[in-house]
$ cat model.txt   # compact mmCIF, C-alpha atoms
# COMPACT_ATOMS: atom_id res chain seq x y z
CA MET H 1 163.14 187.58 132.34
CA SER H 2 161.50 188.92 129.26
CA PHE H 3 163.24 188.95 125.90
CA ASP H 4 162.19 190.21 122.53
CA ASN H 5 163.21 186.98 120.91
CA VAL H 6 164.63 183.64 121.82
CA TYR H 7 168.07 184.36 120.35
CA GLU H 8 168.47 187.19 122.82
CA ALA H 9 167.45 184.87 125.64
CA LEU H 10 170.06 182.31 124.61
CA SER H 11 172.86 184.84 124.33
CA GLU H 12 172.07 185.93 127.90
CA ASP H 13 173.54 182.66 129.09
CA GLY H 14 177.13 182.26 130.21
CA ASP H 15 177.40 179.34 127.79
CA ALA H 16 178.07 181.76 124.91
CA ARG H 17 175.34 180.17 122.88
CA TRP H 18 174.07 182.44 120.19
CA ALA H 19 171.37 180.60 118.30
CA PHE H 20 169.09 177.61 118.37
CA GLY H 21 170.85 174.33 118.53
CA THR H 22 174.28 175.67 119.35
CA GLY H 23 176.16 174.13 122.22
CA PHE H 24 174.19 170.96 121.52
CA ALA H 25 173.16 169.22 124.68
CA ASP H 26 172.88 165.44 124.61
CA PRO H 27 169.31 164.94 123.39
CA LEU H 28 169.00 162.10 125.90
CA ALA H 29 170.30 164.19 128.83
CA GLY H 30 168.75 162.80 132.00
CA VAL H 31 167.23 159.73 130.31
CA ASP H 32 168.07 156.40 131.96
CA THR H 33 170.33 154.89 129.31
CA THR H 34 171.14 151.57 130.99
CA VAL H 35 171.36 148.83 128.34
CA PRO H 36 169.30 145.71 129.26
CA PRO H 37 171.81 143.20 130.69
CA ASP H 38 171.29 140.43 128.12
CA VAL H 39 171.52 142.73 125.10
CA ALA H 40 174.88 143.06 123.31
CA GLY H 41 175.78 146.75 123.40
CA ALA H 42 177.64 146.57 120.09
CA ASP H 43 174.59 145.11 118.34
CA LEU H 44 172.26 147.70 119.84
CA ALA H 45 174.63 150.49 118.77
CA ALA H 46 174.88 149.10 115.24
CA TYR H 47 171.09 148.90 115.02
CA CYS H 48 170.62 152.47 116.27
CA LEU H 49 173.10 153.63 113.62
CA MET H 50 171.12 151.86 110.88
CA LEU H 51 167.91 153.60 111.92
CA GLY H 52 169.73 156.88 112.57
CA ASP H 53 171.62 156.83 109.26
CA ASP H 54 168.38 156.18 107.35
CA ALA H 55 166.83 159.23 109.00
CA LEU H 56 169.89 161.49 108.59
CA VAL H 57 170.39 160.77 104.88
CA MET H 58 166.66 161.09 104.18
CA SER H 59 166.57 164.34 106.14
CA HIS H 60 169.48 165.71 104.11
CA ARG H 61 167.77 164.89 100.82
CA LEU H 62 164.58 166.57 102.07
CA GLN H 63 166.34 169.80 103.02
CA GLU H 64 167.76 169.96 99.48
CA TRP H 65 164.21 170.90 98.48
CA CYS H 66 164.36 174.16 100.43
CA THR H 67 163.94 176.88 97.76
CA ASN H 68 163.17 174.16 95.18
CA ALA H 69 159.70 172.99 96.21
CA PRO H 70 156.70 173.77 93.99
CA ASP H 71 155.10 176.10 96.55
CA LEU H 72 155.80 177.72 99.88
CA GLU H 73 153.56 175.40 101.91
CA GLU H 74 155.40 172.42 100.46
CA GLU H 75 158.79 173.89 101.37
CA VAL H 76 157.58 174.24 104.95
CA ALA H 77 156.16 170.72 104.94
CA LEU H 78 159.36 169.12 103.60
CA ALA H 79 161.52 171.09 106.04
CA ASN H 80 159.28 169.97 108.92
CA ILE H 81 159.49 166.33 107.86
CA GLY H 82 163.26 166.64 107.57
CA LEU H 83 163.43 168.20 111.02
CA ASP H 84 161.40 165.38 112.58
CA LEU H 85 163.80 162.86 111.02
CA LEU H 86 166.83 164.83 112.16
CA GLY H 87 165.46 164.79 115.70
CA GLN H 88 165.04 161.02 115.50
CA THR H 89 168.62 160.80 114.20
CA ARG H 90 170.01 162.76 117.15
CA MET H 91 168.34 160.52 119.71
CA LEU H 92 169.36 157.33 117.87
CA TYR H 93 172.99 158.49 117.60
CA ALA H 94 173.02 159.40 121.29
CA ARG H 95 171.66 155.94 122.07
CA ALA H 96 174.37 154.36 119.91
CA GLY H 97 177.07 156.25 121.80
CA HIS H 98 175.74 154.96 125.12
CA ALA H 99 175.24 151.42 123.89
CA ASP H 100 178.67 150.86 122.32
CA GLY H 101 180.38 152.18 125.42
CA THR H 102 182.43 154.76 123.51
CA GLY H 103 180.30 157.68 124.68
CA ARG H 104 180.67 159.21 121.21
CA GLY H 105 178.33 162.11 120.59
CA GLU H 106 176.04 162.73 117.66
CA ASP H 107 178.60 164.88 115.81
CA ALA H 108 181.12 162.04 115.76
CA TYR H 109 178.62 159.79 114.00
CA ALA H 110 177.21 162.39 111.61
CA TYR H 111 180.34 164.26 110.62
CA PHE H 112 183.37 162.06 111.20
CA ARG H 113 182.52 158.72 109.64
CA GLU H 114 183.32 157.71 106.07
CA PRO H 115 180.68 156.67 103.52
CA GLU H 116 181.53 152.98 103.97
CA ASP H 117 180.76 153.30 107.70
CA PHE H 118 177.21 154.48 107.05
CA ALA H 119 174.49 151.85 107.31
CA ASN H 120 171.54 153.59 105.65
CA VAL H 121 169.54 151.78 102.99
CA ARG H 122 170.44 152.84 99.43
CA LEU H 123 166.92 154.12 98.76
CA THR H 124 167.48 157.10 101.09
CA GLU H 125 170.57 158.35 99.26
CA THR H 126 169.29 158.41 95.67
CA PRO H 127 169.70 161.88 94.09
CA ARG H 128 167.01 164.49 94.50
CA GLY H 129 165.36 163.98 91.10
CA ASP H 130 162.03 165.68 90.36
CA PHE H 131 158.94 166.05 92.53
CA GLY H 132 157.62 162.68 91.36
CA ASP H 133 160.85 161.04 92.53
CA LEU H 134 160.55 162.82 95.87
CA ILE H 135 156.97 161.77 96.53
CA ALA H 136 157.71 158.17 95.49
CA LYS H 137 160.68 158.08 97.86
CA LEU H 138 158.84 159.71 100.76
CA LEU H 139 155.85 157.41 100.32
CA VAL H 140 157.97 154.26 100.32
CA PHE H 141 160.27 155.45 103.12
CA ALA H 142 157.52 156.69 105.46
CA THR H 143 155.35 153.60 104.91
CA TRP H 144 158.30 151.32 105.71
CA ARG H 145 159.55 153.36 108.66
CA LEU H 146 156.10 153.73 110.22
CA ALA H 147 155.59 149.95 110.14
CA LEU H 148 159.08 149.52 111.64
CA LEU H 149 158.75 152.12 114.40
CA GLN H 150 155.32 150.85 115.36
CA ARG H 151 156.84 147.44 116.08
CA LEU H 152 159.71 148.99 118.06
CA ILE H 153 157.29 150.54 120.57
CA THR H 154 157.41 147.17 122.35
CA SER H 155 161.21 146.82 122.05
CA ARG H 156 162.90 145.47 125.16
CA ASP H 157 165.28 148.39 124.98
CA PRO H 158 163.29 151.09 126.80
CA VAL H 159 165.12 153.97 125.11
CA LEU H 160 164.56 152.60 121.61
CA ALA H 161 160.92 151.96 122.54
CA ALA H 162 160.48 155.57 123.69
CA ILE H 163 162.19 156.99 120.56
CA ALA H 164 159.91 154.81 118.41
CA ALA H 165 156.74 155.86 120.24
CA LYS H 166 157.51 159.51 119.53
CA GLY H 167 158.51 158.76 115.95
CA VAL H 168 155.31 156.89 115.15
CA LYS H 169 153.21 159.99 115.73
CA GLU H 170 155.45 162.02 113.43
CA VAL H 171 155.93 159.51 110.61
CA ALA H 172 152.16 158.88 110.46
CA TYR H 173 151.84 162.51 109.32
CA HIS H 174 154.73 162.06 106.83
CA ARG H 175 153.11 159.00 105.28
CA ASP H 176 149.72 160.72 104.92
CA HIS H 177 151.40 163.72 103.31
CA ALA H 178 153.23 161.61 100.72
CA ALA H 179 150.18 159.42 100.07
CA GLN H 180 147.92 162.42 99.48
CA TRP H 181 150.44 163.85 96.99
CA ALA H 182 150.76 160.48 95.25
CA VAL H 183 146.98 160.43 94.72
CA ARG H 184 146.89 164.07 93.61
CA LEU H 185 149.67 163.50 91.06
CA GLY H 186 148.76 159.98 89.98
CA ASP H 187 145.08 160.81 89.54
CA GLY H 188 145.84 164.30 88.23
CA THR H 189 146.88 165.30 84.73
CA GLU H 190 148.45 163.05 82.14
CA GLU H 191 151.84 164.67 82.80
CA SER H 192 151.63 164.45 86.61
CA HIS H 193 150.56 160.80 86.32
CA ARG H 194 153.46 160.04 84.00
CA ARG H 195 156.03 161.62 86.30
CA MET H 196 154.64 160.05 89.48
CA GLN H 197 154.74 156.63 87.83
CA ALA H 198 158.26 157.29 86.51
CA GLY H 199 159.39 158.21 90.04
CA LEU H 200 158.07 154.92 91.38
CA ASP H 201 159.61 152.96 88.52
CA ARG H 202 163.06 154.48 89.07
CA LEU H 203 162.96 153.86 92.82
CA TRP H 204 161.50 150.38 92.83
CA PRO H 205 164.69 148.35 92.25
CA LEU H 206 165.86 149.58 95.69
CA VAL H 207 162.65 148.67 97.57
CA GLY H 208 163.44 144.99 98.06
CA GLU H 209 166.43 145.58 100.31
CA LEU H 210 164.23 147.37 102.86
CA PHE H 211 162.96 143.95 103.86
CA ALA H 212 166.22 141.96 103.78
CA PRO H 213 167.42 141.40 107.34
CA HIS H 214 171.00 142.11 108.39
CA GLU H 215 172.50 139.65 110.89
CA VAL H 216 172.39 142.31 113.63
CA GLU H 217 168.69 142.81 113.00
CA GLU H 218 168.12 139.05 113.15
CA ARG H 219 169.95 138.67 116.45
CA LEU H 220 168.22 141.67 118.03
CA ALA H 221 164.82 140.61 116.70
CA ARG H 222 165.27 137.26 118.43
CA ALA H 223 166.13 139.13 121.63
CA GLY H 224 162.94 141.22 121.36
CA VAL H 225 164.89 144.44 120.75
CA ALA H 226 164.60 144.95 116.97
CA ALA H 227 161.89 144.35 114.38
CA ASP H 228 162.62 141.74 111.71
CA PRO H 229 162.36 143.76 108.46
CA ALA H 230 161.01 140.74 106.59
CA GLY H 231 157.94 140.95 108.80
CA LEU H 232 157.12 144.46 107.57
CA ARG H 233 156.49 143.48 103.95
CA ALA H 234 152.80 142.51 104.22
CA GLU H 235 151.79 145.77 105.89
CA PHE H 236 153.93 147.77 103.45
CA ASP H 237 152.33 146.06 100.46
CA ALA H 238 148.81 146.58 101.80
CA VAL H 239 149.36 150.32 102.32
CA LEU H 240 151.08 150.78 98.96
CA ASP H 241 148.27 148.91 97.19
CA GLN H 242 145.72 151.21 98.79
CA VAL H 243 147.61 154.32 97.66
CA LEU H 244 148.42 153.03 94.16
CA THR H 245 144.81 152.04 93.53
CA ALA H 246 143.47 155.44 94.61
CA ALA H 247 146.20 157.12 92.54
CA THR H 248 145.56 155.00 89.41
CA LEU H 249 149.24 154.01 89.49
CA ARG H 250 150.65 150.55 88.94
CA ARG H 251 153.10 148.67 91.11
CA PRO H 252 156.36 148.61 89.13
CA ASP H 253 157.42 145.24 87.83
CA VAL H 254 161.19 145.66 87.71
CA PRO H 255 164.03 143.45 88.92
CA PRO H 256 165.82 144.45 92.13
CA GLU H 257 169.11 146.34 91.91
CA PRO H 258 171.93 143.87 92.50
CA GLY H 259 174.02 144.09 95.64
CA GLY H 260 172.70 146.09 98.51
CA GLY H 261 172.12 145.31 102.13
CA ARG H 262 173.12 147.49 105.07
CA GLY H 263 176.55 149.03 104.42
CA ALA H 264 176.35 148.87 100.61
CA HIS H 265 175.95 152.18 98.86
CA THR H 266 175.42 153.84 95.51
CA ASP H 267 177.77 156.48 94.11
CA ALA H 268 175.38 159.14 95.42
CA LEU H 269 176.29 158.79 99.11
CA ALA H 270 179.86 160.12 99.04
CA PRO H 271 178.98 163.51 97.47
CA LEU H 272 176.00 163.83 99.82
CA LEU H 273 178.21 163.29 102.87
CA ALA H 274 180.93 165.54 101.49
CA GLU H 275 178.46 168.39 101.60
CA LEU H 276 176.85 167.42 104.89
CA GLN H 277 180.23 167.06 106.61
CA SER H 278 182.15 169.90 104.95
CA VAL H 279 181.75 172.61 107.59
CA ALA H 280 182.34 170.35 110.57
CA ARG H 281 185.48 168.93 108.93
CA ALA H 282 186.80 172.32 107.85
CA HIS H 283 186.49 173.61 111.42
CA PRO H 284 186.82 170.56 113.67
CA GLU H 285 187.71 172.66 116.71
CA ALA H 286 184.82 175.08 116.34
CA THR H 287 182.20 175.42 119.04
CA TRP H 288 178.75 175.72 117.54
CA MET S 1 154.53 176.32 154.62
CA VAL S 2 156.45 177.07 151.46
CA THR S 3 159.11 174.42 151.01
CA ALA S 4 162.00 174.73 148.60
CA THR S 5 160.30 172.26 146.29
CA THR S 6 156.95 174.01 146.15
CA ASP S 7 158.72 177.29 145.57
CA ALA S 8 160.83 175.78 142.78
CA ARG S 9 157.73 174.28 141.24
CA SER S 10 155.90 177.58 141.21
CA VAL S 11 158.93 179.27 139.62
CA ALA S 12 159.30 176.55 136.97
CA GLU S 13 155.60 176.84 136.18
CA THR S 14 156.04 180.48 135.16
CA VAL S 15 158.62 179.71 132.44
CA THR S 16 157.12 180.14 129.00
CA ASP S 17 157.60 178.21 125.77
CA PRO S 18 160.08 179.88 123.38
CA GLU S 19 157.94 179.23 120.30
CA LEU S 20 154.48 179.68 121.82
CA PRO S 21 155.27 182.41 124.36
CA MET S 22 151.62 182.80 125.38
CA LEU S 23 151.91 179.34 127.01
CA THR S 24 153.93 178.27 130.02
CA LEU S 25 155.82 174.98 129.77
CA ALA S 26 153.31 173.71 132.35
CA ASP S 27 150.35 174.73 130.14
CA LEU S 28 151.98 172.98 127.20
CA GLY S 29 152.40 169.75 129.17
CA VAL S 30 156.17 169.80 128.61
CA LEU S 31 156.99 170.35 132.29
CA ARG S 32 156.60 166.88 133.78
CA ASP S 33 157.95 167.16 137.31
CA VAL S 34 159.84 169.33 139.78
CA THR S 35 161.50 167.57 142.73
CA GLU S 36 164.40 168.05 145.06
CA GLU S 37 167.29 165.61 145.33
CA ASP S 38 170.27 166.12 147.63
CA GLY S 39 169.79 169.87 147.75
CA ARG S 40 169.35 170.17 143.97
CA VAL S 41 166.21 171.13 142.15
CA VAL S 42 165.51 168.50 139.49
CA VAL S 43 163.19 169.64 136.69
CA THR S 44 161.93 167.02 134.24
CA ILE S 45 160.74 168.03 130.77
CA THR S 46 159.69 166.12 127.66
CA PRO S 47 160.07 167.19 124.01
CA THR S 48 156.95 167.84 121.93
CA TYR S 49 158.45 166.53 118.66
CA SER S 50 161.71 164.55 118.23
CA GLY S 51 163.29 167.45 116.37
CA CYS S 52 161.93 170.22 118.58
CA PRO S 53 164.69 172.85 118.31
CA ALA S 54 163.51 174.67 121.42
CA MET S 55 164.63 172.07 123.98
CA ASP S 56 167.97 173.79 124.62
CA ALA S 57 166.22 177.13 125.05
CA MET S 58 163.74 175.57 127.50
CA ARG S 59 166.56 174.11 129.57
CA ALA S 60 168.40 177.43 129.64
CA ASP S 61 165.24 179.35 130.55
CA LEU S 62 164.37 176.98 133.39
CA ILE S 63 167.86 177.12 134.86
CA ARG S 64 167.97 180.91 134.58
CA ALA S 65 164.55 181.40 136.22
CA LEU S 66 165.30 179.03 139.07
CA ARG S 67 168.72 180.56 139.74
CA ALA S 68 167.20 184.03 139.74
CA ALA S 69 164.78 182.77 142.41
CA GLY S 70 167.66 181.58 144.57
CA HIS S 71 167.88 177.93 143.56
CA GLU S 72 171.57 177.64 142.80
CA ARG S 73 171.79 173.96 141.96
CA VAL S 74 169.42 173.01 139.17
CA GLU S 75 169.39 169.93 136.96
CA VAL S 76 167.08 169.61 133.95
CA ARG S 77 166.29 166.04 132.90
CA THR S 78 164.58 164.81 129.76
CA VAL S 79 162.02 162.03 129.67
CA LEU S 80 160.80 160.52 126.42
CA HIS S 81 158.16 158.20 127.79
CA PRO S 82 155.22 158.51 127.65
CA PRO S 83 155.44 160.54 124.43
CA TRP S 84 154.05 164.05 124.54
CA SER S 85 150.47 164.47 123.40
CA THR S 86 148.46 167.61 122.65
CA ASP S 87 145.94 166.22 125.15
CA TRP S 88 148.35 167.44 127.82
CA ILE S 89 147.81 171.11 126.92
CA SER S 90 145.86 172.60 129.84
CA ALA S 91 142.46 174.29 129.63
CA ALA S 92 144.12 177.62 130.39
CA GLY S 93 146.68 176.93 127.67
CA ARG S 94 143.95 176.24 125.12
CA ARG S 95 142.23 179.50 126.05
CA ARG S 96 145.48 181.45 125.66
CA LEU S 97 146.20 179.85 122.28
CA ALA S 98 142.75 180.87 121.00
CA GLU S 99 143.21 184.39 122.37
CA ALA S 100 146.47 184.60 120.42
CA GLY S 101 144.70 183.59 117.19
CA ILE S 102 145.90 179.97 117.19
CA ALA S 103 143.22 177.29 117.13
CA PRO S 104 143.81 174.80 119.97
CA PRO S 105 143.99 171.07 119.19
CA GLY S 106 141.05 168.69 119.40
CA ALA S 107 141.38 165.27 121.01
CA ALA S 108 144.51 163.37 119.93
CA PRO S 109 143.89 160.33 117.71
CA ARG S 110 143.31 157.17 119.69
CA ARG S 111 145.32 154.40 118.13
CA ALA S 112 143.92 150.94 118.41
CA ASP S 113 146.35 148.03 118.08
CA GLY S 114 147.35 147.09 114.57
CA PRO S 115 148.44 149.17 111.60
CA ILE S 116 147.75 152.90 111.71
CA PRO S 117 145.06 153.69 109.11
CA LEU S 118 146.08 155.76 106.11
CA THR S 119 144.35 159.10 105.52
CA LEU S 120 144.07 159.67 101.78
CA GLY S 121 141.61 162.52 101.66
CA PRO S 122 141.81 165.91 103.34
CA THR S 123 141.54 165.55 107.09
CA VAL S 124 138.05 166.42 108.26
CA ARG S 125 138.16 168.04 111.66
CA THR S 126 135.93 170.58 113.29
CA VAL S 127 138.31 173.40 113.95
CA ARG S 128 136.76 176.73 114.77
CA CYS S 129 138.24 179.93 113.40
CA PRO S 130 139.89 181.69 116.35
CA ARG S 131 138.87 185.06 114.90
CA CYS S 132 135.20 184.75 113.93
CA GLY S 133 134.30 181.44 115.59
CA SER S 134 133.01 179.82 112.40
CA ALA S 135 133.36 176.05 112.12
CA ASP S 136 133.56 176.39 108.32
CA THR S 137 137.34 176.08 108.02
CA GLU S 138 139.70 174.02 105.86
CA GLU S 139 143.26 172.78 106.17
CA THR S 140 145.69 174.38 103.73
CA SER S 141 148.76 172.47 104.92
CA ALA S 142 149.38 169.92 107.64
CA PHE S 143 152.75 171.56 108.32
CA GLY S 144 153.33 175.09 109.55
CA ALA S 145 155.94 177.46 110.91
CA THR S 146 156.71 175.15 113.84
CA ALA S 147 156.53 171.37 114.06
CA CYS S 148 153.38 171.45 116.17
CA LYS S 149 151.20 173.61 113.93
CA ALA S 150 149.13 173.18 110.76
CA LEU S 151 147.86 175.98 108.49
CA ARG S 152 144.14 176.53 107.99
CA ARG S 153 141.81 179.03 106.36
CA CYS S 154 138.39 180.22 107.46
CA ARG S 155 135.80 180.09 104.70
CA ALA S 156 133.54 182.52 106.58
CA CYS S 157 135.89 185.43 107.33
CA LEU S 158 138.53 184.27 104.80
CA GLU S 159 141.41 184.73 107.26
CA PRO S 160 144.25 182.21 107.43
CA PHE S 161 145.15 180.93 110.88
CA GLU S 162 147.37 178.39 112.62
CA HIS S 163 146.14 175.26 114.37
CA VAL S 164 148.02 173.17 116.92
CA LYS S 165 147.61 169.78 115.29
CA GLU S 166 146.63 166.76 117.30
CA ILE S 167 149.30 164.22 118.12
$ encode --input "model.txt" --output "C-alpha cells"
Amino acid sequence: MSFDNVYEALSEDGDARWAFGTGFADPLAGVDTTVPPDVAGADLAAYCLMLGDDALVMSHRLQEWCTNAPDLEEEVALANIGLDLLGQTRMLYARAGHADGTGRGEDAYAYFREPEDFANVRLTETPRGDFGDLIAKLLVFATWRLALLQRLITSRDPVLAAIAAKGVKEVAYHRDHAAQWAVRLGDGTEESHRRMQAGLDRLWPLVGELFAPHEVEERLARAGVAADPAGLRAEFDAVLDQVLTAATLRRPDVPPEPGGGRGAHTDALAPLLAELQSVARAHPEATW
Amino acid sequence: MVTATTDARSVAETVTDPELPMLTLADLGVLRDVTEEDGRVVVTITPTYSGCPAMDAMRADLIRALRAAGHERVEVRTVLHPPWSTDWISAAGRRRLAEAGIAPPGAAPRRADGPIPLTLGPTVRTVRCPRCGSADTEETSAFGATACKALRRCRACLEPFEHVKEI
C-alpha cells in the first residue's frame, strides 16, 4: 500500500481516476442533507447559489493571477485563496442541488448555466485590472464575506451553518492578507499609494449592492437561515476604516453604479464564463 | 477479543495523509469515527480546508486499505461539523511533522463572540525552527504549497521551512 506519489495511488483504483479531483465525489457525501421542514427548499437553493456564485467568480478571477503575480509567494497565496473559495463553492452548489430537489451536481451549476442565471454580485466579476485593483477587490470581498459567514454559523440550516463555520477560518486569513497588502501599498511609495487608491476608487461604485437585500435573503433572514446583508454594513465600515487609516488611504466618495442587485451583471461576466465553461461544454460527455 | 469494528479501526488508523505522508489520517484529526452498520464498515472523515483536494484520495485510500484487510463493504462519510482544527493533530503527529522538517502548529486561535479582530501587522508567533530549534523565526508568507501550511525562515540558521498554520 505504498506509492511513490498520490497520482499513482489514485490510478490504482478501479474507478479509472487519474489525477486529483477527477471522478468528483459529492463534496457533501455522507452529510445529513435534510432541509429543515419549515424552510422553502427553492429559497435555500437560491441562497446557496448566490453565495456559491460569489465564491466561484471570485475564485476564477484569482486564478487569472497565476503566472501574473508580482512574486512567487503571492502566486501561491492567491491560488490558495482561490482554492478555498472553490471548495466553498462546491459545498454550496451541492447544498443547492439537495435543497431544490433536482439533485443537480456542482458541474451543472458551474458549467451549464447562462450568465443571466448567475447570482453573484457584480463586484466579483470586474476584470482583473492591476495589483491595486486586486487588493482592493480582495479586501472588500473578504471583509464582507467574513462578516456574512460569521453570522451564518448560527443558521437554522445545519449544512449552511457547517459550511460557514469552516469558511470563517479560511476567509479570516484572506482578509488579513488583503489588509496587510493594502497597508503596505497605501503607506508605501507615492506610486503604490496612487495605484492602491485608484483600485479602491474604481471598485467603490459596486460596493453598495453588497448590502442591498434580495427578497430571498429577506425571507430566509426572517426564518433564521440567512443573514440580512444590510446588517453587515456597520462591521464592514469599521474594518475598512481601520485598514484605510493605517494605509493612509481615503474612503472613496463616488456615487453607486446604477442597476445591480443579485442577477444583474456587467459585460465582464459573459467572457469570464465562456472561458470557465469552455472545456466542459466542448466535451459534455467526458469523464474527468 | 478482536471484533470486526476494532480491526477496521486499527486498519483505518494506519492510512496516511496524501499530502503529509508522515502523518496518518488519525494523527491529523481527519479520521473522526469508525463504526459498523448492517455488516458495513462506516468510516467518517472531515476535510481540513473547504477546498482540500485530497479528500477523494483519502476516501480511495481508506476503501482500498479496508478491502485489503478483508472488509468488503466500506462506506466513507464526510462530516463538516465541528470544523477541523489544528488542535486535533495528535502529539505523535506533531513529533512526526517536526522530524520531517515541518514546524507543528501552536494552539488554534480562540474566537470570542463578536467580530474577528483584524491582524494588520506581521503575525507574531513563537515558532521554533524544526532544524536548529531557534525561536528566532519569521513568516515569509501565510500561504504555502498546501492549504494548511505557511512559509517561514529561520534567522539563526537561515533555512526556510514550512509551518502548519493554526486554524
$ residues_around --input "model.txt" --residues "Asp53 in chain H" --least-positions-apart "6" --cutoff "12 Å" --atoms "all atoms listed in the file" --output "CSV table (one decimal) with C-alpha atoms, keeping the file's coordinate frame"
chain,number,residue,atom,x,y,z
H,45,ALA,CA,174.6,150.5,118.8
H,46,ALA,CA,174.9,149.1,115.2
H,47,TYR,CA,171.1,148.9,115.0
H,59,SER,CA,166.6,164.3,106.1
H,60,HIS,CA,169.5,165.7,104.1
H,85,LEU,CA,163.8,162.9,111.0
H,86,LEU,CA,166.8,164.8,112.2
H,87,GLY,CA,165.5,164.8,115.7
H,88,GLN,CA,165.0,161.0,115.5
H,89,THR,CA,168.6,160.8,114.2
H,90,ARG,CA,170.0,162.8,117.2
H,91,MET,CA,168.3,160.5,119.7
H,92,LEU,CA,169.4,157.3,117.9
H,93,TYR,CA,173.0,158.5,117.6
H,96,ALA,CA,174.4,154.4,119.9
H,106,GLU,CA,176.0,162.7,117.7
H,109,TYR,CA,178.6,159.8,114.0
H,110,ALA,CA,177.2,162.4,111.6
H,111,TYR,CA,180.3,164.3,110.6
H,113,ARG,CA,182.5,158.7,109.6
H,115,PRO,CA,180.7,156.7,103.5
H,116,GLU,CA,181.5,153.0,104.0
H,117,ASP,CA,180.8,153.3,107.7
H,118,PHE,CA,177.2,154.5,107.0
H,119,ALA,CA,174.5,151.8,107.3
H,120,ASN,CA,171.5,153.6,105.6
H,121,VAL,CA,169.5,151.8,103.0
H,122,ARG,CA,170.4,152.8,99.4
H,123,LEU,CA,166.9,154.1,98.8
H,124,THR,CA,167.5,157.1,101.1
H,125,GLU,CA,170.6,158.4,99.3
H,262,ARG,CA,173.1,147.5,105.1
H,263,GLY,CA,176.6,149.0,104.4
H,269,LEU,CA,176.3,158.8,99.1
H,273,LEU,CA,178.2,163.3,102.9
$ axis_aligned_box --input "model.txt" --around "range 114-121 of chain S" --padding-each-side "3 Å" --output "AutoDock Vina command-line options"
--center_x 145.0 --center_y 154.8 --center_z 108.1 --size_x 12.8 --size_y 21.4 --size_z 18.9
$ closest_atom_pairs --input "model.txt" --of "chain S" --to "chain H" --cutoff "9 Å" --atoms "only C-alpha atoms" --output "Markdown table"
| residue | atom | partner | partner_atom | distance |
| --- | --- | --- | --- | --- |
| S:Pro18 | CA | H:Val6 | CA | 6.1 |
| S:Glu19 | CA | H:Val6 | CA | 8.2 |
| S:Thr44 | CA | H:Gly30 | CA | 8.3 |
| S:Thr48 | CA | H:Lys166 | CA | 8.7 |
| S:Tyr49 | CA | H:Asp84 | CA | 6.9 |
| S:Ser50 | CA | H:Gly87 | CA | 4.5 |
| S:Gly51 | CA | H:Gly87 | CA | 3.5 |
| S:Cys52 | CA | H:Gly87 | CA | 7.1 |
| S:Pro53 | CA | H:Gly21 | CA | 6.3 |
| S:Ala54 | CA | H:Phe20 | CA | 7.0 |
| S:Met55 | CA | H:Pro27 | CA | 8.5 |
| S:Asp56 | CA | H:Gly21 | CA | 6.8 |
| S:Ala57 | CA | H:Leu10 | CA | 6.5 |
| S:Ala60 | CA | H:Leu10 | CA | 7.2 |
| S:Asp61 | CA | H:Ala9 | CA | 7.7 |
| S:Arg64 | CA | H:Asp13 | CA | 8.0 |
| S:Ala65 | CA | H:Met1 | CA | 7.4 |
| S:Glu75 | CA | H:Gly30 | CA | 8.7 |
| S:Val76 | CA | H:Gly30 | CA | 7.3 |
| S:Arg77 | CA | H:Gly30 | CA | 4.2 |
| S:Thr78 | CA | H:Gly30 | CA | 5.1 |
| S:Val79 | CA | H:Val31 | CA | 5.7 |
| S:Leu80 | CA | H:Ala162 | CA | 5.7 |
| S:His81 | CA | H:Ala162 | CA | 5.4 |
| S:Pro82 | CA | H:Ala162 | CA | 7.2 |
| S:Pro83 | CA | H:Lys166 | CA | 5.4 |
| S:Trp84 | CA | H:Lys166 | CA | 7.6 |
| S:Gly114 | CA | H:Gln150 | CA | 8.8 |
| S:Pro115 | CA | H:Ala147 | CA | 7.3 |
| S:Ile116 | CA | H:Ala172 | CA | 7.5 |
| S:Pro117 | CA | H:Val239 | CA | 8.7 |
| S:Leu118 | CA | H:Asp176 | CA | 6.3 |
| S:Thr119 | CA | H:Asp176 | CA | 5.6 |
| S:Leu120 | CA | H:Gln180 | CA | 5.3 |
| S:Gly121 | CA | H:Gln180 | CA | 6.7 |
| S:Pro122 | CA | H:Gln180 | CA | 8.0 |
| S:Thr140 | CA | H:Glu73 | CA | 8.1 |
| S:Ser141 | CA | H:Glu73 | CA | 6.4 |
| S:Ala142 | CA | H:Ala77 | CA | 7.3 |
| S:Phe143 | CA | H:Ala77 | CA | 4.9 |
| S:Gly144 | CA | H:Val76 | CA | 6.3 |
| S:Ala145 | CA | H:Val76 | CA | 7.0 |
| S:Thr146 | CA | H:Asn80 | CA | 7.6 |
| S:Ala147 | CA | H:Asn80 | CA | 6.0 |
| S:Leu151 | CA | H:Glu73 | CA | 8.7 |
| S:Ile167 | CA | H:Lys169 | CA | 6.2 |
$ closest_residue --input "model.txt" --among "H:Val225, H:Ile135, H:Val140, H:Ala99" --to "Ile153 in chain H" --atoms "all atoms listed in the file"
H:Val225
$ atom_distance --input "model.txt" --atom1 "CA of Ala230 in chain H" --atom2 "CA of Phe211 in chain H"
4.6 Å
$ atom_distance --input "model.txt" --atom1 "CA of Pro37 in chain H" --atom2 "CA of Ala212 in chain H"
27.5 Å
$ closest_residue --input "model.txt" --among "H:Glu209, H:Asp130, H:Asp157, H:Asp100" --to "Trp144 in chain H" --atoms "only C-alpha atoms"
H:Glu209
$ atom_distance --input "model.txt" --atom1 "CA of Gly93 in chain S" --atom2 "CA of His163 in chain S"
13.4 Å
$ residues_near_point --input "model.txt" --point "(142.5, 181.1, 107.6)" --cutoff "10 Å" --atoms "all atoms listed in the file" --output "short mmCIF file (atom, residue, chain, number, x, y, z; two decimals) with C-alpha atoms, in the coordinates of the input"
data_model
loop_
_atom_site.label_atom_id
_atom_site.label_comp_id
_atom_site.auth_asym_id
_atom_site.auth_seq_id
_atom_site.Cartn_x
_atom_site.Cartn_y
_atom_site.Cartn_z
CA CYS S 129 138.24 179.93 113.40
CA PRO S 130 139.89 181.69 116.35
CA ARG S 131 138.87 185.06 114.90
CA THR S 137 137.34 176.08 108.02
CA GLU S 138 139.70 174.02 105.86
CA GLU S 139 143.26 172.78 106.17
CA THR S 140 145.69 174.38 103.73
CA LEU S 151 147.86 175.98 108.49
CA ARG S 152 144.14 176.53 107.99
CA ARG S 153 141.81 179.03 106.36
CA CYS S 154 138.39 180.22 107.46
CA ARG S 155 135.80 180.09 104.70
CA ALA S 156 133.54 182.52 106.58
CA CYS S 157 135.89 185.43 107.33
CA LEU S 158 138.53 184.27 104.80
CA GLU S 159 141.41 184.73 107.26
CA PRO S 160 144.25 182.21 107.43
CA PHE S 161 145.15 180.93 110.88
CA GLU S 162 147.37 178.39 112.62
CA HIS S 163 146.14 175.26 114.37
#
